[in-house]
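Below is model-v5.cif, holding mmCIF, C-alpha atoms and all ligand atoms.
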```cif
data_target
#
loop_
_atom_site.label_atom_id
_atom_site.label_comp_id
_atom_site.auth_asym_id
_atom_site.auth_seq_id
_atom_site.Cartn_x
_atom_site.Cartn_y
_atom_site.Cartn_z
CA MET A 145 -21.15 -28.85 3.32
CA GLU A 146 -19.10 -27.60 0.34
CA ASN A 147 -22.11 -26.04 -1.44
CA LYS A 148 -22.84 -23.96 1.66
CA ARG A 149 -19.38 -22.37 1.81
CA LEU A 150 -19.31 -18.62 1.65
CA TYR A 151 -17.01 -17.99 -1.27
CA SER A 152 -19.15 -17.09 -4.23
CA PRO A 153 -20.30 -13.51 -4.77
CA SER A 154 -23.93 -14.63 -5.18
CA GLN A 155 -23.80 -16.62 -1.91
CA VAL A 156 -22.26 -13.66 -0.07
CA ARG A 157 -24.92 -11.31 -1.48
CA GLU A 158 -27.74 -13.69 -0.61
CA VAL A 159 -26.68 -14.04 3.05
CA LEU A 160 -25.99 -10.33 3.56
CA ASP A 161 -29.18 -9.21 1.82
CA ARG A 162 -31.27 -11.61 3.86
CA HIS A 163 -29.88 -9.96 7.02
CA GLY A 164 -30.24 -6.46 5.60
CA PHE A 165 -26.51 -5.91 6.04
CA THR A 166 -24.77 -3.01 4.30
CA PHE A 167 -21.00 -2.61 4.16
CA SER A 168 -19.36 0.05 6.33
CA LYS A 169 -16.52 1.82 4.57
CA GLY A 170 -15.45 3.37 7.86
CA LEU A 171 -14.83 -0.08 9.36
CA GLY A 172 -12.79 -1.21 6.34
CA GLN A 173 -15.30 -3.87 5.35
CA ASN A 174 -14.09 -5.55 2.17
CA PHE A 175 -15.08 -9.19 2.35
CA LEU A 176 -13.28 -12.03 0.56
CA ILE A 177 -15.23 -13.76 -2.21
CA ASP A 178 -12.59 -16.14 -3.57
CA GLY A 179 -12.23 -19.64 -2.14
CA ASN A 180 -8.74 -20.15 -3.55
CA ILE A 181 -7.39 -17.09 -1.80
CA VAL A 182 -9.08 -18.05 1.48
CA ARG A 183 -7.52 -21.52 1.35
CA LYS A 184 -4.11 -20.12 0.40
CA ILE A 185 -4.14 -17.68 3.32
CA VAL A 186 -4.83 -20.47 5.81
CA LYS A 187 -2.23 -22.73 4.19
CA SER A 188 0.46 -20.06 4.20
CA ALA A 189 -0.27 -19.38 7.88
CA ASP A 190 0.62 -23.03 8.48
CA ILE A 191 -2.47 -23.79 10.57
CA THR A 192 -2.83 -27.30 11.99
CA LYS A 193 -5.29 -29.07 14.26
CA ASP A 194 -3.00 -28.27 17.23
CA ASP A 195 -3.30 -24.51 16.71
CA TYR A 196 -5.23 -21.86 18.57
CA VAL A 197 -5.95 -19.00 16.17
CA ILE A 198 -7.03 -15.44 16.73
CA GLU A 199 -8.82 -13.87 13.80
CA ILE A 200 -9.34 -10.12 13.76
CA GLY A 201 -12.44 -8.96 11.91
CA PRO A 202 -14.26 -12.13 10.78
CA GLY A 203 -16.77 -10.12 8.75
CA MET A 204 -19.35 -12.67 7.63
CA GLY A 205 -17.08 -15.57 8.57
CA THR A 206 -15.53 -16.60 5.24
CA LEU A 207 -11.95 -16.92 6.48
CA THR A 208 -13.19 -17.99 9.94
CA GLU A 209 -14.87 -21.03 8.42
CA GLU A 210 -11.69 -22.19 6.68
CA LEU A 211 -9.76 -21.59 9.91
CA ALA A 212 -12.32 -23.58 11.92
CA LEU A 213 -11.88 -26.51 9.55
CA ASN A 214 -8.10 -26.49 9.99
CA ALA A 215 -7.39 -25.28 13.55
CA LYS A 216 -8.10 -26.60 17.02
CA LYS A 217 -9.88 -23.43 18.06
CA VAL A 218 -10.58 -19.98 16.60
CA ILE A 219 -11.23 -16.83 18.57
CA ALA A 220 -12.65 -14.22 16.23
CA ILE A 221 -12.76 -10.58 17.33
CA GLU A 222 -15.31 -8.39 15.54
CA ILE A 223 -16.14 -4.75 16.23
CA ASP A 224 -19.40 -4.61 14.26
CA GLU A 225 -22.35 -5.85 16.33
CA ARG A 226 -24.55 -5.79 13.19
CA LEU A 227 -22.71 -8.97 12.14
CA ARG A 228 -23.98 -10.93 15.17
CA PRO A 229 -26.94 -12.59 13.40
CA VAL A 230 -24.89 -13.19 10.24
CA LEU A 231 -22.06 -14.90 12.12
CA ALA A 232 -24.52 -16.85 14.26
CA GLU A 233 -25.83 -18.35 11.03
CA THR A 234 -22.62 -18.85 9.04
CA LEU A 235 -20.56 -20.27 11.93
CA GLU A 236 -23.37 -22.35 13.39
CA PRO A 237 -21.87 -25.68 12.21
CA TYR A 238 -18.56 -25.05 14.02
CA ASP A 239 -18.23 -25.66 17.75
CA ASN A 240 -14.57 -24.63 17.85
CA VAL A 241 -15.20 -20.91 17.14
CA ASP A 242 -15.72 -18.20 19.76
CA VAL A 243 -16.70 -14.75 18.51
CA VAL A 244 -15.80 -11.88 20.82
CA TYR A 245 -17.45 -8.55 20.00
CA GLY A 246 -15.33 -5.46 20.58
CA ASP A 247 -12.51 -3.28 19.30
CA VAL A 248 -9.28 -5.27 19.00
CA LEU A 249 -7.38 -2.12 19.95
CA LYS A 250 -9.17 -1.95 23.29
CA LEU A 251 -10.00 -5.50 24.37
CA PRO A 252 -7.77 -7.16 27.01
CA LEU A 253 -6.04 -9.51 24.58
CA LYS A 254 -3.69 -11.07 27.12
CA GLU A 255 -6.60 -12.14 29.33
CA ILE A 256 -8.61 -13.38 26.35
CA ILE A 257 -5.71 -15.57 25.23
CA GLU A 258 -5.08 -16.84 28.78
CA ASP A 259 -8.74 -17.55 29.19
CA LYS A 260 -9.46 -19.30 25.93
CA CYS A 261 -6.21 -20.85 24.70
CA GLU A 262 -5.17 -23.11 27.57
CA GLY A 263 -1.85 -21.40 28.08
CA GLN A 264 -0.69 -22.09 24.52
CA SER A 265 0.86 -19.55 22.19
CA VAL A 266 -1.37 -18.61 19.30
CA LYS A 267 -1.27 -17.73 15.61
CA VAL A 268 -3.03 -14.63 14.36
CA VAL A 269 -4.68 -14.76 10.94
CA ALA A 270 -6.68 -11.86 9.52
CA ASN A 271 -7.81 -9.86 6.57
CA LEU A 272 -7.22 -6.58 8.36
CA PRO A 273 -9.30 -3.43 7.95
CA TYR A 274 -6.99 -1.01 6.11
CA TYR A 275 -7.77 2.00 8.27
CA VAL A 276 -6.13 0.51 11.38
CA THR A 277 -3.55 -1.94 10.02
CA THR A 278 -0.49 -0.45 11.66
CA PRO A 279 -2.04 0.26 15.09
CA ILE A 280 -3.33 -3.33 15.21
CA ILE A 281 0.01 -4.84 14.22
CA GLY A 282 1.73 -2.43 16.62
CA ARG A 283 -0.44 -3.56 19.50
CA LEU A 284 0.01 -7.25 18.72
CA ILE A 285 3.78 -7.18 18.59
CA GLU A 286 4.57 -4.66 21.30
CA GLU A 287 2.40 -6.07 24.02
CA ASP A 288 4.39 -9.19 24.75
CA LEU A 289 1.47 -11.51 23.93
CA PRO A 290 2.15 -15.25 23.53
CA LEU A 291 2.09 -15.20 19.71
CA GLN A 292 3.92 -17.48 17.27
CA SER A 293 3.09 -15.68 14.06
CA ILE A 294 0.84 -13.02 12.57
CA SER A 295 -0.40 -13.71 9.03
CA VAL A 296 -2.35 -10.77 7.74
CA MET A 297 -3.70 -9.32 4.55
CA VAL A 298 -2.67 -5.69 4.34
CA GLN A 299 -2.39 -2.97 1.73
CA LYS A 300 0.39 -4.00 -0.69
CA GLU A 301 2.37 -0.81 0.00
CA VAL A 302 2.37 -1.46 3.74
CA ALA A 303 3.65 -5.01 3.23
CA ASP A 304 6.39 -3.68 0.92
CA ARG A 305 7.51 -1.22 3.61
CA MET A 306 7.68 -3.98 6.21
CA VAL A 307 10.09 -6.12 4.18
CA ALA A 308 12.07 -3.27 2.55
CA LYS A 309 15.84 -3.31 2.26
CA PRO A 310 18.21 -0.43 3.07
CA HIS A 311 18.83 2.18 0.33
CA THR A 312 15.23 1.97 -0.92
CA LYS A 313 12.39 4.46 -0.57
CA ASP A 314 10.23 1.92 1.25
CA TYR A 315 12.83 1.34 3.94
CA GLY A 316 12.07 3.25 7.12
CA SER A 317 10.77 3.25 10.65
CA LEU A 318 7.99 0.73 9.90
CA THR A 319 10.58 -1.72 8.51
CA LEU A 320 12.75 -1.32 11.59
CA PHE A 321 9.83 -1.44 14.00
CA VAL A 322 8.37 -4.66 12.59
CA GLY A 323 11.85 -6.15 12.09
CA PHE A 324 12.73 -5.60 15.74
CA TYR A 325 9.96 -7.90 16.96
CA THR A 326 9.42 -10.26 14.01
CA GLU A 327 10.85 -11.76 10.84
CA PRO A 328 8.50 -10.67 8.06
CA GLN A 329 7.88 -12.48 4.80
CA ILE A 330 5.47 -11.64 1.98
CA MET A 331 3.46 -14.80 1.24
CA MET A 332 1.42 -13.64 -1.75
CA LYS A 333 0.04 -10.70 -3.64
CA VAL A 334 -3.73 -10.43 -3.86
CA PRO A 335 -5.62 -8.53 -6.56
CA LYS A 336 -8.48 -6.21 -5.61
CA THR A 337 -10.95 -8.34 -7.60
CA VAL A 338 -11.28 -10.93 -4.82
CA PHE A 339 -13.12 -8.56 -2.48
CA MET A 340 -16.67 -7.32 -2.16
CA PRO A 341 -16.91 -4.37 -2.39
CA GLN A 342 -13.73 -3.94 -4.43
CA PRO A 343 -11.17 -1.64 -2.78
CA LYS A 344 -9.06 0.76 -4.88
CA ILE A 345 -5.80 -0.87 -3.84
CA ASP A 346 -4.09 -4.23 -4.17
CA SER A 347 -3.15 -6.26 -1.12
CA SER A 348 -0.48 -8.67 0.08
CA VAL A 349 -0.52 -11.35 2.71
CA ILE A 350 2.43 -10.91 5.03
CA LYS A 351 3.56 -13.37 7.66
CA LEU A 352 5.36 -12.00 10.68
CA ASN A 353 7.19 -14.73 12.55
CA VAL A 354 7.48 -13.45 16.10
CA ARG A 355 11.06 -13.52 17.41
CA LYS A 356 11.56 -15.77 20.41
CA GLU A 357 14.29 -13.42 21.60
CA LEU A 358 14.42 -9.74 20.89
CA PRO A 359 17.67 -8.13 19.65
CA ASP A 360 20.08 -7.55 22.50
CA THR A 361 20.08 -3.77 22.82
CA ASN A 362 18.52 -0.82 24.57
CA ARG A 363 14.99 -0.87 23.15
CA ASP A 364 14.20 2.74 24.01
CA SER A 365 17.33 4.08 22.39
CA TYR A 366 16.80 1.88 19.33
CA PHE A 367 13.35 3.33 18.65
CA LYS A 368 14.44 6.90 19.38
CA LEU A 369 17.37 6.50 17.00
CA VAL A 370 15.18 5.07 14.25
CA ARG A 371 12.58 7.81 14.61
CA ALA A 372 15.22 10.53 14.52
CA ALA A 373 17.13 9.00 11.61
CA PHE A 374 14.05 8.83 9.38
CA SER A 375 12.59 12.18 10.40
CA LYS A 376 15.35 13.65 8.24
CA ARG A 377 16.17 10.81 5.91
CA ARG A 378 18.18 12.90 3.43
CA LYS A 379 20.61 14.08 6.10
CA THR A 380 23.60 12.19 7.44
CA LEU A 381 22.80 10.29 10.61
CA ILE A 382 24.89 12.66 12.71
CA ASN A 383 23.01 15.70 11.40
CA ALA A 384 19.64 13.99 11.65
CA LEU A 385 20.23 13.04 15.28
CA SER A 386 21.48 16.46 16.30
CA THR A 387 18.74 18.33 14.37
CA TYR A 388 16.11 16.11 15.96
CA GLY A 389 17.46 17.25 19.32
CA LEU A 390 18.28 13.74 20.40
CA LEU A 391 21.93 14.42 21.00
CA ALA A 392 23.17 17.95 20.65
CA ASP A 393 26.75 16.88 21.06
CA LYS A 394 27.93 15.76 17.64
CA GLU A 395 31.21 14.58 19.09
CA ALA A 396 29.39 12.08 21.33
CA ILE A 397 27.49 10.73 18.31
CA ARG A 398 30.74 10.47 16.35
CA GLU A 399 32.32 8.48 19.16
CA ALA A 400 29.32 6.16 19.45
CA LEU A 401 29.31 5.54 15.69
CA LYS A 402 32.99 4.71 15.84
CA ARG A 403 32.51 2.26 18.71
CA ALA A 404 29.65 0.62 16.79
CA GLY A 405 31.87 0.33 13.70
CA ILE A 406 29.66 2.59 11.58
CA GLU A 407 31.01 5.15 9.14
CA GLU A 408 30.45 8.77 10.05
CA SER A 409 29.06 9.83 6.70
CA VAL A 410 26.12 7.39 6.61
CA ARG A 411 22.49 8.34 6.29
CA GLY A 412 19.73 6.57 8.20
CA GLU A 413 18.52 4.68 5.15
CA ASP A 414 21.97 3.13 4.63
CA LEU A 415 22.02 1.26 7.93
CA GLU A 416 20.82 -2.31 8.47
CA MET A 417 18.76 -3.20 11.52
CA ASP A 418 21.86 -4.75 13.12
CA ASP A 419 23.66 -1.41 12.83
CA TYR A 420 20.84 0.34 14.74
CA VAL A 421 20.92 -2.43 17.33
CA ARG A 422 24.66 -1.94 17.87
CA LEU A 423 24.43 1.84 17.88
CA ALA A 424 21.58 1.82 20.43
CA ARG A 425 23.78 -0.31 22.69
CA GLU A 426 26.44 2.43 22.51
CA LEU A 427 23.88 5.15 23.33
CA PRO A 428 21.91 3.69 26.23
CA ASN A 429 20.92 7.04 27.71
CA LEU A 430 19.18 8.80 24.87
N1 LIG B 1 -12.43 -11.54 7.46
C1 LIG B 1 -13.48 -11.05 6.58
C2 LIG B 1 -13.15 -11.44 5.16
O1 LIG B 1 -11.95 -11.66 4.89
O2 LIG B 1 -14.05 -11.51 4.35
C3 LIG B 1 -13.68 -9.53 6.71
C4 LIG B 1 -12.44 -8.67 6.51
S1 LIG B 1 -12.78 -6.95 6.48
C5 LIG B 1 -11.36 -6.38 5.53
C6 LIG B 1 -12.31 -6.34 8.09
C7 LIG B 1 -13.21 -6.72 9.26
O3 LIG B 1 -12.67 -6.15 10.46
C8 LIG B 1 -14.64 -6.22 9.18
O4 LIG B 1 -15.52 -7.26 9.52
C9 LIG B 1 -14.72 -5.09 10.22
O5 LIG B 1 -16.00 -4.90 10.77
C10 LIG B 1 -13.70 -5.58 11.25
N2 LIG B 1 -13.08 -4.51 12.07
C11 LIG B 1 -12.82 -3.23 11.69
N3 LIG B 1 -12.22 -2.56 12.69
C12 LIG B 1 -12.08 -3.44 13.73
C13 LIG B 1 -11.56 -3.34 15.05
N4 LIG B 1 -11.01 -2.20 15.48
N5 LIG B 1 -11.62 -4.43 15.85
C14 LIG B 1 -12.16 -5.60 15.41
N6 LIG B 1 -12.68 -5.76 14.16
C15 LIG B 1 -12.64 -4.70 13.33
#
```
For this file, produce the structure as structure tokens.
Amino acid sequence: MENKRLYSPSQVREVLDRHGFTFSKGLGQNFLIDGNIVRKIVKSADITKDDYVIEIGPGMGTLTEELALNAKKVIAIEIDERLRPVLAETLEPYDNVDVVYGDVLKLPLKEIIEDKCEGQSVKVVANLPYYVTTPIIGRLIEEDLPLQSISVMVQKEVADRMVAKPHTKDYGSLTLFVGFYTEPQIMMKVPKTVFMPQPKIDSSVIKLNVRKELPDTNRDSYFKLVRAAFSKRRKTLINALSTYGLLADKEAIREALKRAGIEESVRGEDLEMDDYVRLARELPNL
């Protein structure tokens, strides 16, 4: 089977040309053409024969194939119907792969998982289309789906923002959004040369380990605070919150900061996630 694997550029070209397939830039179609990277992605996602995996955007099935060889079952969600005949050919040897055609942002994911994964929690693995990375990750983590982890290839800059530390330019609402629901870890950097066609940007694989328990706070207030704090990131938190119109009464903010043990002069980018969690608890009615 090894000589039929989809890694090499000439093999990829041959299959796609035979089906008259042309890449769609609008759908973020940059396919992997490097077997080492494909294997490393699956390894770093820690996929075993007990695992149900959801793959978003199988493309021509390169990563799907490696997942099928390592997982119990793979559910691959692809928006581009033109890939139907390609995937029918490339995934033909694997009886543990289901391809669902549709937009991952619109499909009923909860029902799909209930239907196809025998009540088990699943791992997501994907080389995500760049144009919808954050909406897809947002949907996956906010919707209370039974997920263990999300291992995805994203634009390097986006991965850097997800794992950023306070006091840095990358630290912001994306860091605190992702950090609320998951524990993120960059698994590897990936050069643009391993894709066809080559994108202009480098990528990283990031693994988001989904928290079993969310931080104990008022979720609504937490996200309002974070949004307000970073809408005016150069201002002190008190000024940012009052300018944003979240709390006109500076005295009330001062009191809440004091109760949360946070200094009055701080700016949003100085606070750790735990500080926002505590502060949101003190301001439950924002
Ligand atoms: N997994 C393949 C690989 O690594 O070679 C292809 C990755 S390519 C970066 C992204 C894939 O996602 C494409 O196949 C594209 O058609 C698909 N896609 C784009 N938008 C999508 C959406 N909203 N829902 C599902 N799939 C989508």
Produce as a short mmCIF file (atom, residue, chain, number, x, y, z; two decimals) with C-alpha atoms, in the frame of the given file the set of residues near ligand LIG 1 (chain B), where near means within 9 Å with all atoms listed in the file considered.
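This went into result.cif:
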```
data_model
loop_
_atom_site.label_atom_id
_atom_site.label_comp_id
_atom_site.auth_asym_id
_atom_site.auth_seq_id
_atom_site.Cartn_x
_atom_site.Cartn_y
_atom_site.Cartn_z
CA PHE A 167 -21.00 -2.61 4.16
CA SER A 168 -19.36 0.05 6.33
CA GLY A 170 -15.45 3.37 7.86
CA LEU A 171 -14.83 -0.08 9.36
CA GLY A 172 -12.79 -1.21 6.34
CA GLN A 173 -15.30 -3.87 5.35
CA ASN A 174 -14.09 -5.55 2.17
CA PHE A 175 -15.08 -9.19 2.35
CA LEU A 176 -13.28 -12.03 0.56
CA ILE A 177 -15.23 -13.76 -2.21
CA VAL A 182 -9.08 -18.05 1.48
CA GLU A 199 -8.82 -13.87 13.80
CA ILE A 200 -9.34 -10.12 13.76
CA GLY A 201 -12.44 -8.96 11.91
CA PRO A 202 -14.26 -12.13 10.78
CA GLY A 203 -16.77 -10.12 8.75
CA MET A 204 -19.35 -12.67 7.63
CA GLY A 205 -17.08 -15.57 8.57
CA THR A 206 -15.53 -16.60 5.24
CA LEU A 207 -11.95 -16.92 6.48
CA THR A 208 -13.19 -17.99 9.94
CA ALA A 220 -12.65 -14.22 16.23
CA ILE A 221 -12.76 -10.58 17.33
CA GLU A 222 -15.31 -8.39 15.54
CA ILE A 223 -16.14 -4.75 16.23
CA ASP A 224 -19.40 -4.61 14.26
CA GLU A 225 -22.35 -5.85 16.33
CA ARG A 226 -24.55 -5.79 13.19
CA LEU A 227 -22.71 -8.97 12.14
CA TYR A 245 -17.45 -8.55 20.00
CA GLY A 246 -15.33 -5.46 20.58
CA ASP A 247 -12.51 -3.28 19.30
CA VAL A 248 -9.28 -5.27 19.00
CA LEU A 249 -7.38 -2.12 19.95
CA LYS A 250 -9.17 -1.95 23.29
CA LEU A 251 -10.00 -5.50 24.37
CA ALA A 270 -6.68 -11.86 9.52
CA ASN A 271 -7.81 -9.86 6.57
CA LEU A 272 -7.22 -6.58 8.36
CA PRO A 273 -9.30 -3.43 7.95
CA TYR A 274 -6.99 -1.01 6.11
CA TYR A 275 -7.77 2.00 8.27
CA VAL A 276 -6.13 0.51 11.38
CA ILE A 280 -3.33 -3.33 15.21
CA MET A 297 -3.70 -9.32 4.55
CA VAL A 298 -2.67 -5.69 4.34
CA PHE A 339 -13.12 -8.56 -2.48
CA MET A 340 -16.67 -7.32 -2.16
#
```
Which neighbours of segment 375-389 of chain A fall inside 9 Å, counting only C-alpha atoms, when residues of the same chain fewer than 2 positions from it are skipped, and could you give them as number ranges by chain?
-> A: 316, 369-373, 391-394, 397-398, 401, 408-413
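Interatomic distance, atom CA of Gly282 of chain A to atom CA of Gln299 of chain A: 15.5 Å.
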Selection: 9 Å around Ser295 of chain A, all atoms listed in the file, excl. self and same-chain fewer than 6 positions, as a ChimeraX atom specification = /A:185-186,188-189,267-271,331,349-353
Point out the residue among A:Gln264, A:Asn429, A:Ser293, A:Gln329 with the least atom-to-atom distance to Asp190 of chain A, counting all atoms listed in the file.
-> A:Ser293
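Of the residues under consideration (A:Thr234, A:Gln155, A:Ser317, A:Ser347), A:Ser317 shows the shortest atom-to-atom contact distance to Tyr420 of chain A when counting only C-alpha atoms.
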List the neighbours of Arg283 of chain A out to 12 Å using all atoms listed in the file; skip same-chain residues closer than 3 positions along the sequence, and give me the result as a VMD selection string.
-> chain A and resid 248 to 254 276 to 280 286 to 289 291 294 321 to 322 325
